[in-house]
>>> print(open('target-v8.cif').read())   # mmCIF, C-alpha atoms
data_model
loop_
_atom_site.label_atom_id
_atom_site.label_comp_id
_atom_site.auth_asym_id
_atom_site.auth_seq_id
_atom_site.Cartn_x
_atom_site.Cartn_y
_atom_site.Cartn_z
CA MET A 1364 12.39 -24.00 -8.80
CA ALA A 1365 10.14 -22.77 -6.02
CA THR A 1366 7.44 -20.32 -7.07
CA ALA A 1367 5.45 -20.23 -3.84
CA PRO A 1368 6.14 -17.63 -1.13
CA HIS A 1369 8.42 -18.59 1.74
CA PHE A 1370 7.39 -17.91 5.31
CA ILE A 1371 9.16 -18.42 8.58
CA SER A 1372 6.85 -20.40 10.85
CA ARG A 1373 7.36 -18.11 13.80
CA MET A 1374 6.99 -14.34 14.20
CA PRO A 1375 7.23 -11.85 17.09
CA ALA A 1376 4.34 -11.75 19.54
CA ILE A 1377 4.36 -7.94 19.30
CA ALA A 1378 4.92 -6.33 15.91
CA SER A 1379 8.50 -5.11 16.18
CA ILE A 1380 11.62 -4.32 14.20
CA ARG A 1381 15.33 -4.50 14.99
CA ALA A 1382 16.33 -1.11 16.43
CA SER A 1383 19.57 -1.14 14.42
CA VAL A 1384 17.52 -0.59 11.23
CA LEU A 1385 16.99 2.99 12.43
CA ASP A 1386 20.70 3.78 12.44
CA VAL A 1387 20.86 5.20 8.89
CA LEU A 1388 17.69 7.22 9.47
CA VAL A 1389 19.14 8.76 12.63
CA GLN A 1390 22.38 9.62 10.85
CA GLN A 1391 20.40 11.54 8.26
CA LEU A 1392 18.39 13.34 10.93
CA ASP A 1393 21.62 14.34 12.67
CA LYS A 1394 23.01 15.65 9.40
CA LYS A 1395 19.89 17.49 8.22
CA THR A 1396 18.28 18.75 11.43
CA GLY A 1397 20.31 17.87 14.52
CA LYS A 1398 17.03 16.78 16.15
CA ALA A 1399 17.40 13.01 16.04
CA ASP A 1400 17.42 12.53 19.82
CA ILE A 1401 14.34 14.72 20.26
CA LEU A 1402 12.42 12.78 17.62
CA LEU A 1403 13.52 9.43 19.05
CA ALA A 1404 12.45 10.46 22.55
CA SER A 1405 9.05 11.64 21.30
CA HIS A 1406 8.46 8.08 20.09
CA GLY A 1407 9.77 6.43 23.26
CA MET A 1408 13.18 5.44 21.91
CA LEU A 1409 16.79 6.13 22.87
CA ARG A 1410 19.86 6.37 20.67
CA SER A 1411 21.60 3.74 22.84
CA GLN A 1412 19.08 1.14 21.63
CA LEU A 1413 20.50 1.42 18.11
CA ASN A 1414 23.86 0.08 19.25
CA ASP A 1415 22.39 -3.26 20.30
CA PRO A 1416 21.97 -5.49 17.20
CA TYR A 1417 19.39 -7.60 19.05
CA ALA A 1418 17.25 -4.80 20.54
CA VAL A 1419 13.79 -4.30 19.05
CA VAL A 1420 11.32 -1.43 18.97
CA PRO A 1421 7.55 -1.56 18.33
CA MET A 1422 6.79 -1.47 14.62
CA ALA A 1423 4.09 1.18 15.05
CA ARG A 1424 6.61 3.57 16.63
CA TYR A 1425 9.12 2.93 13.85
CA ILE A 1426 6.50 3.61 11.15
CA ALA A 1427 5.33 6.82 12.83
CA LEU A 1428 8.89 8.03 13.40
CA PHE A 1429 9.78 7.43 9.75
CA GLU A 1430 6.77 9.43 8.54
CA GLU A 1431 7.53 12.30 10.92
CA ALA A 1432 11.21 12.32 9.93
CA ALA A 1433 10.26 12.86 6.27
CA VAL A 1434 8.13 15.86 7.25
CA LEU A 1435 10.82 17.25 9.55
CA ILE A 1436 13.47 17.02 6.84
CA GLY A 1437 11.08 18.33 4.20
CA GLU A 1438 11.69 15.46 1.78
CA PRO A 1439 8.59 13.46 0.72
CA ALA A 1440 10.72 10.71 -0.89
CA PHE A 1441 13.00 10.47 2.16
CA GLY A 1442 12.38 6.75 2.66
CA ALA A 1443 13.21 5.88 -0.94
CA ARG A 1444 16.43 7.88 -0.78
CA MET A 1445 17.38 6.13 2.46
CA GLY A 1446 16.91 2.85 0.62
CA THR A 1447 19.61 3.80 -1.88
CA LEU A 1448 22.11 3.98 1.01
CA PHE A 1449 21.28 0.46 2.15
CA LYS A 1450 24.05 -2.15 2.61
CA PRO A 1451 23.75 -5.91 3.20
CA ALA A 1452 25.28 -5.55 6.67
CA ASP A 1453 22.43 -3.23 7.72
CA ILE A 1454 20.21 -6.27 8.28
CA GLY A 1455 22.94 -8.50 9.63
CA PRO A 1456 23.13 -12.18 8.65
CA ILE A 1457 20.07 -12.03 6.39
CA GLY A 1458 21.79 -9.34 4.32
CA MET A 1459 24.97 -11.37 4.09
CA LEU A 1460 22.94 -14.42 3.05
CA PHE A 1461 21.37 -12.33 0.30
CA SER A 1462 24.81 -11.24 -0.93
CA LEU A 1463 26.12 -14.81 -1.08
CA SER A 1464 23.19 -16.18 -3.10
CA PRO A 1465 23.98 -17.46 -6.62
CA THR A 1466 20.90 -15.88 -8.25
CA ILE A 1467 18.53 -12.99 -7.63
CA ARG A 1468 15.68 -15.49 -7.31
CA ARG A 1469 17.48 -17.40 -4.56
CA ALA A 1470 18.34 -14.16 -2.77
CA PHE A 1471 14.69 -13.08 -2.63
CA GLU A 1472 13.55 -16.56 -1.61
CA ARG A 1473 15.82 -16.27 1.39
CA MET A 1474 14.68 -12.74 2.12
CA SER A 1475 11.08 -13.96 2.13
CA LYS A 1476 11.88 -16.86 4.40
CA TYR A 1477 13.91 -14.97 6.96
CA VAL A 1478 12.53 -11.40 6.91
CA THR A 1479 10.95 -11.93 10.33
CA SER A 1480 14.42 -12.20 11.85
CA VAL A 1481 14.51 -8.43 11.30
CA GLN A 1482 10.85 -7.45 11.71
CA GLY A 1483 7.54 -9.01 12.58
CA ALA A 1484 3.94 -8.63 11.38
CA THR A 1485 5.28 -8.68 7.82
CA SER A 1486 4.16 -10.59 4.76
CA SER A 1487 6.72 -11.22 2.06
CA GLY A 1488 6.74 -13.66 -0.78
CA LEU A 1489 7.98 -14.50 -4.21
CA PHE A 1490 5.73 -15.85 -6.95
CA GLU A 1491 5.60 -16.09 -10.72
CA GLU A 1492 3.00 -14.20 -12.76
CA ASN A 1493 2.78 -13.94 -16.54
CA GLY A 1494 6.24 -15.42 -16.91
CA GLU A 1495 7.88 -12.90 -14.58
CA LEU A 1496 8.90 -13.00 -10.92
CA VAL A 1497 7.10 -10.85 -8.34
CA TRP A 1498 8.58 -9.93 -4.95
CA ASN A 1499 5.97 -8.75 -2.45
CA TYR A 1500 6.53 -6.81 0.78
CA GLY A 1501 4.01 -5.39 3.21
CA LEU A 1502 2.95 -4.97 6.82
CA ILE A 1503 0.04 -7.22 7.71
CA ASP A 1504 -1.75 -4.73 9.97
CA PRO A 1505 -3.63 -2.20 7.77
CA GLY A 1506 -4.02 0.02 10.83
CA MET A 1507 -0.36 1.03 10.60
CA TRP A 1508 -1.05 3.88 8.22
CA PRO A 1509 0.28 6.04 6.66
CA ARG A 1510 3.39 4.01 5.93
CA ARG A 1511 4.66 5.41 2.66
CA GLN A 1512 8.19 5.91 3.98
CA ASP A 1513 8.64 2.29 5.10
CA SER A 1514 7.19 0.93 1.85
CA GLU A 1515 9.39 3.07 -0.39
CA TYR A 1516 12.42 2.48 1.80
CA SER A 1517 11.96 -1.30 1.77
CA LEU A 1518 11.57 -1.58 -2.01
CA ALA A 1519 14.38 0.89 -2.72
CA ALA A 1520 16.61 -0.99 -0.27
CA SER A 1521 15.74 -4.27 -2.01
CA CYS A 1522 16.75 -2.75 -5.35
CA GLU A 1523 19.98 -1.48 -3.84
CA LEU A 1524 20.72 -4.96 -2.48
CA VAL A 1525 20.38 -6.43 -5.97
CA ARG A 1526 22.54 -3.70 -7.50
CA SER A 1527 25.28 -3.99 -4.89
CA CYS A 1528 25.29 -7.80 -4.68
CA PHE A 1529 24.66 -8.74 -8.32
CA THR A 1530 24.89 -5.96 -10.93
CA SER A 1531 24.74 -2.17 -10.63
CA SER A 1532 22.81 -1.83 -13.91
CA TRP A 1533 19.85 -3.94 -12.73
CA LYS A 1534 16.34 -2.50 -12.75
CA PRO A 1535 12.91 -4.03 -12.12
CA LEU A 1536 10.28 -4.24 -14.84
CA GLU A 1537 7.75 -2.45 -12.63
CA VAL A 1538 7.40 -1.18 -9.08
CA HIS A 1539 4.02 -1.27 -7.28
CA PHE A 1540 3.03 0.69 -4.16
CA GLU A 1541 -0.10 0.39 -2.05
CA HIS A 1542 -0.23 4.14 -1.27
CA GLN A 1543 -1.52 6.76 -3.66
CA ALA A 1544 0.70 8.69 -6.06
CA PRO A 1545 2.61 11.57 -4.47
CA ARG A 1546 2.49 15.04 -5.97
CA ASP A 1547 5.94 14.52 -7.46
CA ALA A 1548 6.87 10.93 -8.33
CA SER A 1549 9.98 11.84 -10.33
CA PRO A 1550 12.44 10.98 -7.50
CA LEU A 1551 10.98 7.48 -7.38
CA HIS A 1552 11.26 6.97 -11.15
CA LYS A 1553 14.88 8.08 -10.92
CA ILE A 1554 15.68 5.70 -8.06
CA PHE A 1555 13.91 2.63 -9.46
CA ARG A 1556 14.66 3.30 -13.16
CA ALA A 1557 11.32 1.66 -13.96
CA PRO A 1558 7.59 2.41 -14.24
CA VAL A 1559 6.10 3.05 -10.78
CA LEU A 1560 2.41 2.24 -10.18
CA PHE A 1561 0.43 3.47 -7.17
CA GLY A 1562 -2.78 2.45 -5.42
CA GLN A 1563 -1.97 -1.23 -5.84
CA SER A 1564 -2.98 -4.09 -3.53
CA GLY A 1565 0.57 -4.36 -2.20
CA ASN A 1566 4.18 -3.23 -2.53
CA ARG A 1567 5.95 -5.25 -5.21
CA LEU A 1568 8.95 -5.48 -7.49
CA VAL A 1569 8.30 -7.18 -10.83
CA ILE A 1570 11.51 -8.91 -11.96
CA ALA A 1571 12.38 -10.32 -15.38
CA LYS A 1572 12.70 -14.09 -15.06
CA LYS A 1573 15.90 -14.15 -17.12
CA ASP A 1574 17.46 -11.70 -14.65
CA ALA A 1575 16.18 -13.65 -11.66
CA ASP A 1576 17.66 -16.97 -12.81
CA ARG A 1577 21.02 -15.78 -14.15
CA ILE A 1578 23.85 -17.37 -12.14
CA TYR A 1579 26.25 -14.75 -10.79
CA ARG A 1580 28.41 -16.84 -8.45
CA HIS A 1581 28.97 -20.29 -7.00
CA GLU A 1582 27.60 -20.50 -3.49
CA ASP A 1583 29.70 -21.38 -0.46
CA ARG A 1584 27.27 -23.84 1.07
CA ASN A 1585 29.23 -24.22 4.30
CA LEU A 1586 29.09 -20.49 4.97
CA THR A 1587 25.43 -20.06 4.01
CA ALA A 1588 24.48 -23.03 6.20
CA ILE A 1589 26.13 -21.34 9.19
CA LEU A 1590 24.27 -18.09 8.48
CA GLU A 1591 20.93 -19.87 8.09
CA ARG A 1592 21.44 -21.70 11.38
CA HIS A 1593 22.28 -18.43 13.13
CA ILE A 1594 19.17 -16.71 11.73
CA ALA A 1595 16.99 -19.66 12.80
CA ASP A 1596 18.43 -19.43 16.32
CA LEU A 1597 17.62 -15.71 16.49
CA ILE A 1598 14.03 -16.39 15.50
CA GLU A 1599 13.66 -19.24 17.97
CA GLU A 1600 14.86 -17.09 20.87
CA ALA A 1601 12.20 -14.41 20.67
CA ASP A 1602 9.26 -15.62 18.62
CA PHE A 1603 6.06 -17.53 19.01
CA GLU A 1604 3.96 -19.73 16.79
CA PRO A 1605 1.39 -17.67 14.85
CA ASP A 1606 -2.13 -18.97 14.55
CA LEU A 1607 -3.55 -20.16 11.26
CA ARG A 1608 -5.46 -16.92 10.75
CA GLN A 1609 -2.20 -14.93 10.71
CA LYS A 1610 -0.64 -17.23 8.14
CA VAL A 1611 -3.68 -17.04 5.87
CA ARG A 1612 -3.82 -13.24 6.18
CA ALA A 1613 -0.17 -13.07 5.12
CA LEU A 1614 -0.92 -15.11 1.98
CA ILE A 1615 -3.97 -12.99 1.17
CA ALA A 1616 -1.84 -9.83 1.40
CA ILE A 1617 0.65 -11.30 -1.06
CA TYR A 1618 -1.77 -12.71 -3.64
CA LEU A 1619 -4.69 -10.27 -3.63
CA GLY A 1620 -5.20 -8.90 -7.13
CA HIS A 1621 -2.54 -11.18 -8.60
CA LYS A 1622 -3.47 -14.82 -7.99
CA PRO A 1623 -6.75 -16.63 -7.21
CA ILE A 1624 -7.35 -16.91 -3.47
CA THR A 1625 -9.13 -20.22 -3.01
CA LEU A 1626 -9.20 -22.87 -0.30
CA ASP A 1627 -7.26 -25.23 -2.56
CA ALA A 1628 -4.57 -22.65 -3.36
CA ILE A 1629 -4.08 -21.48 0.24
CA SER A 1630 -4.12 -24.99 1.66
CA ARG A 1631 -1.39 -26.06 -0.80
CA GLU A 1632 0.80 -23.18 0.36
CA LEU A 1633 0.28 -24.15 4.00
CA GLY A 1634 0.78 -27.86 3.42
CA VAL A 1635 -2.64 -28.96 4.65
CA SER A 1636 -5.77 -30.28 2.95
CA SER A 1637 -8.49 -27.81 1.99
CA ARG A 1638 -10.89 -29.61 4.34
CA THR A 1639 -8.44 -29.25 7.23
CA LEU A 1640 -7.90 -25.58 6.47
CA GLN A 1641 -11.64 -24.90 6.39
CA ARG A 1642 -12.19 -26.80 9.65
CA ARG A 1643 -9.36 -25.06 11.49
CA LEU A 1644 -10.46 -21.61 10.35
CA THR A 1645 -13.98 -22.43 11.56
CA GLU A 1646 -12.51 -23.42 14.94
CA GLU A 1647 -10.85 -19.99 15.07
CA GLY A 1648 -14.20 -18.35 14.36
CA THR A 1649 -13.57 -17.26 10.80
CA SER A 1650 -13.36 -18.43 7.18
CA LEU A 1651 -11.23 -17.76 4.12
CA ARG A 1652 -14.06 -15.74 2.60
CA ALA A 1653 -14.31 -13.58 5.73
CA LEU A 1654 -10.56 -12.98 5.87
CA VAL A 1655 -10.45 -11.95 2.21
CA ARG A 1656 -13.45 -9.66 2.75
CA ASP A 1657 -11.86 -8.06 5.82
CA HIS A 1658 -8.58 -7.46 3.97
CA ARG A 1659 -10.38 -5.92 1.01
CA GLN A 1660 -12.40 -3.70 3.31
CA ALA A 1661 -9.27 -2.48 5.09
CA ILE A 1662 -7.60 -1.54 1.81
CA ALA A 1663 -10.78 0.02 0.41
CA ARG A 1664 -11.17 2.26 3.47
CA LEU A 1665 -7.74 3.72 2.81
CA HIS A 1666 -8.44 4.56 -0.83
CA LEU A 1667 -12.19 5.12 -1.35
CA SER A 1668 -12.09 8.50 0.41
CA SER A 1669 -9.41 9.72 -2.00
CA ASP A 1670 -9.80 10.93 -5.57
CA VAL A 1671 -8.57 7.63 -7.00
CA LYS A 1672 -10.86 6.17 -9.65
CA LYS A 1673 -12.98 3.30 -8.40
CA ALA A 1674 -11.96 1.19 -11.38
CA GLN A 1675 -8.35 1.37 -10.20
CA ILE A 1676 -9.31 0.42 -6.64
CA ALA A 1677 -11.41 -2.48 -7.94
CA ASP A 1678 -8.46 -3.77 -9.94
CA ALA A 1679 -6.14 -3.58 -6.91
CA LEU A 1680 -8.68 -5.54 -4.86
CA GLY A 1681 -9.00 -8.26 -7.48
CA TYR A 1682 -12.52 -7.31 -8.64
CA ALA A 1683 -13.56 -7.44 -12.29
CA ASP A 1684 -14.71 -3.80 -12.37
CA SER A 1685 -16.07 -0.93 -10.28
CA THR A 1686 -19.60 -2.37 -10.42
CA VAL A 1687 -18.46 -5.50 -8.61
CA LEU A 1688 -16.69 -3.27 -6.06
CA TRP A 1689 -19.93 -1.31 -5.54
CA ARG A 1690 -21.83 -4.55 -4.92
CA ALA A 1691 -19.14 -5.66 -2.46
CA GLN A 1692 -19.47 -2.35 -0.59
CA ARG A 1693 -23.22 -2.89 -0.25
CA ALA A 1694 -22.59 -6.40 1.06
CA TRP A 1695 -20.07 -5.05 3.58
CA SER A 1696 -22.66 -2.57 4.82
CA ARG A 1697 -25.23 -5.31 5.33
CA VAL A 1698 -22.70 -7.38 7.29
CA GLY A 1699 -21.97 -4.35 9.48
CA GLU A 1700 -25.68 -3.88 10.20
CA ASP A 1701 -26.18 -7.48 11.30
#
>>> encode(input="target-v8.cif", output="structure tokens")
Amino acid sequence: MATAPHFISRMPAIASIRASVLDVLVQQLDKKTGKADILLASHGMLRSQLNDPYAVVPMARYIALFEEAAVLIGEPAFGARMGTLFKPADIGPIGMLFSLSPTIRRAFERMSKYVTSVQGATSSGLFEENGELVWNYGLIDPGMWPRRQDSEYSLAASCELVRSCFTSSWKPLEVHFEHQAPRDASPLHKIFRAPVLFGQSGNRLVIAKKDADRIYRHEDRNLTAILERHIADLIEEADFEPDLRQKVRALIAIYLGHKPITLDAISRELGVSSRTLQRRLTEEGTSLRALVRDHRQAIARLHLSSDVKKAQIADALGYADSTVLWRAQRAWSRVGED
């Protein structure tokens, strides 16, 4: 069985998301405030865009709109609650492919592989850790912040997909979020029915391996092949080939704090030799070490100004302890001065 993350080899040139994903959000805004059109317009969007299943909107606008909607409605866990209303059809053929999968593992493998048919600039992957399965989701650009609503929505929607397509009693072992703990986390505990950890290196669902590999149905291979071909065609129509740096950054976002990030490990995932990977990164003016450092710095900037304990931040960044984090910060400062 595959344990490595699955990536589509092409992703949108501009970070974007299918406009139809906003439909449920707009319905809630209509119901709660009646100001959906005003909010859409303030972010350069029109309601008519939501009716086109192939229309896209910039990801940054979507993230900002989602955050503002939560404030407007007065519901901090708005995104998570929206996730509980999620249906497979809301993401078109990828959702239907999820629902037809024989196991939870296979469903998430497909989600990882095809997520960019719905949105770009996203890293998603599935890997095994300590005998359990870990599903990772996150936006690659750390500048799109805050993004609590999208993170909680995406993980809650993933849970709802499992419950609606496999078994309603399912629950993850743990839920991880990159943002800090809200004042009241009880709505999230109720939705996920599991321990929820904050200030992590990414957004993740930890899944029991026995749950992931239980067979729930026999797959209709003819139907799933048609869906996979359709999804591939959608991606081919609008996407471009990402450079190596983007692919490596996506893997770093998935593995940071959970698996060793080495030239050998990353090159195996990308299907190239470690020497080739090192040479090609050099040609692009960077290195694996620099990309890991930059990703750690981006995450640290978001959390070091808060009241989160440095030991917790160090753990999320894959450091042994807060002393190692302190040394890294000093090194970052020296690099900035050069």
>>> closest_residue(input="target-v8.cif", among="A:Leu1614, A:Ile1380, A:Leu1607, A:Leu1597", to="A:Ala1423", atoms="all atoms listed in the file")
A:Ile1380
>>> atom_distance(input="target-v8.cif", atom1="atom CA of A:Glu1438", atom2="atom CA of A:Asn1499")
25.2 Å
>>> closest_residue(input="target-v8.cif", among="A:Asp1657, A:Asp1583, A:Glu1431, A:Asp1574", to="A:Val1525", atoms="all atoms listed in the file")
A:Asp1574
>>> resolve_selection(input="target-v8.cif", expression="the PyMOL selection byres ((chain A and resi 1432) around 10)", output="tab-separated table (two decimals) with C-alpha atoms, keeping the file's coordinate frame")
chain	number	residue	atom	x	y	z
A	1388	LEU	CA	17.69	7.22	9.47
A	1389	VAL	CA	19.14	8.76	12.63
A	1391	GLN	CA	20.40	11.54	8.26
A	1392	LEU	CA	18.39	13.34	10.93
A	1396	THR	CA	18.28	18.75	11.43
A	1398	LYS	CA	17.03	16.78	16.15
A	1399	ALA	CA	17.40	13.01	16.04
A	1402	LEU	CA	12.42	12.78	17.62
A	1403	LEU	CA	13.52	9.43	19.05
A	1426	ILE	CA	6.50	3.61	11.15
A	1427	ALA	CA	5.33	6.82	12.83
A	1428	LEU	CA	8.89	8.03	13.40
A	1429	PHE	CA	9.78	7.43	9.75
A	1430	GLU	CA	6.77	9.43	8.54
A	1431	GLU	CA	7.53	12.30	10.92
A	1433	ALA	CA	10.26	12.86	6.27
A	1434	VAL	CA	8.13	15.86	7.25
A	1435	LEU	CA	10.82	17.25	9.55
A	1436	ILE	CA	13.47	17.02	6.84
A	1437	GLY	CA	11.08	18.33	4.20
A	1438	GLU	CA	11.69	15.46	1.78
A	1439	PRO	CA	8.59	13.46	0.72
A	1441	PHE	CA	13.00	10.47	2.16
A	1442	GLY	CA	12.38	6.75	2.66
A	1512	GLN	CA	8.19	5.91	3.98
>>> residues_around(input="target-v8.cif", residues="stretch 1643-1651 of chain A", least_positions_apart="2", cutoff="10 Å", atoms="only C-alpha atoms", output="ChimeraX atom specification")
/A:1606-1608,1611-1612,1615,1624-1626,1629,1637-1641,1653-1657
>>> atom_distance(input="target-v8.cif", atom1="atom CA of A:Gln1412", atom2="atom CA of A:Asn1566")
28.7 Å
>>> closest_residue(input="target-v8.cif", among="A:Ile1617, A:Leu1502, A:Val1559, A:Leu1448", to="A:Gln1543", atoms="only C-alpha atoms")
A:Val1559
>>> residues_around(input="target-v8.cif", residues="A:Lys1553", least_positions_apart="5", cutoff="12 Å", atoms="all atoms listed in the file", output="PyMOL selection string")
chain A and resi 1440+1443-1444+1447+1519+1534+1547-1548+1558-1559
>>> atom_distance(input="target-v8.cif", atom1="atom CA of A:Arg1381", atom2="atom CA of A:Ser1405")
18.4 Å
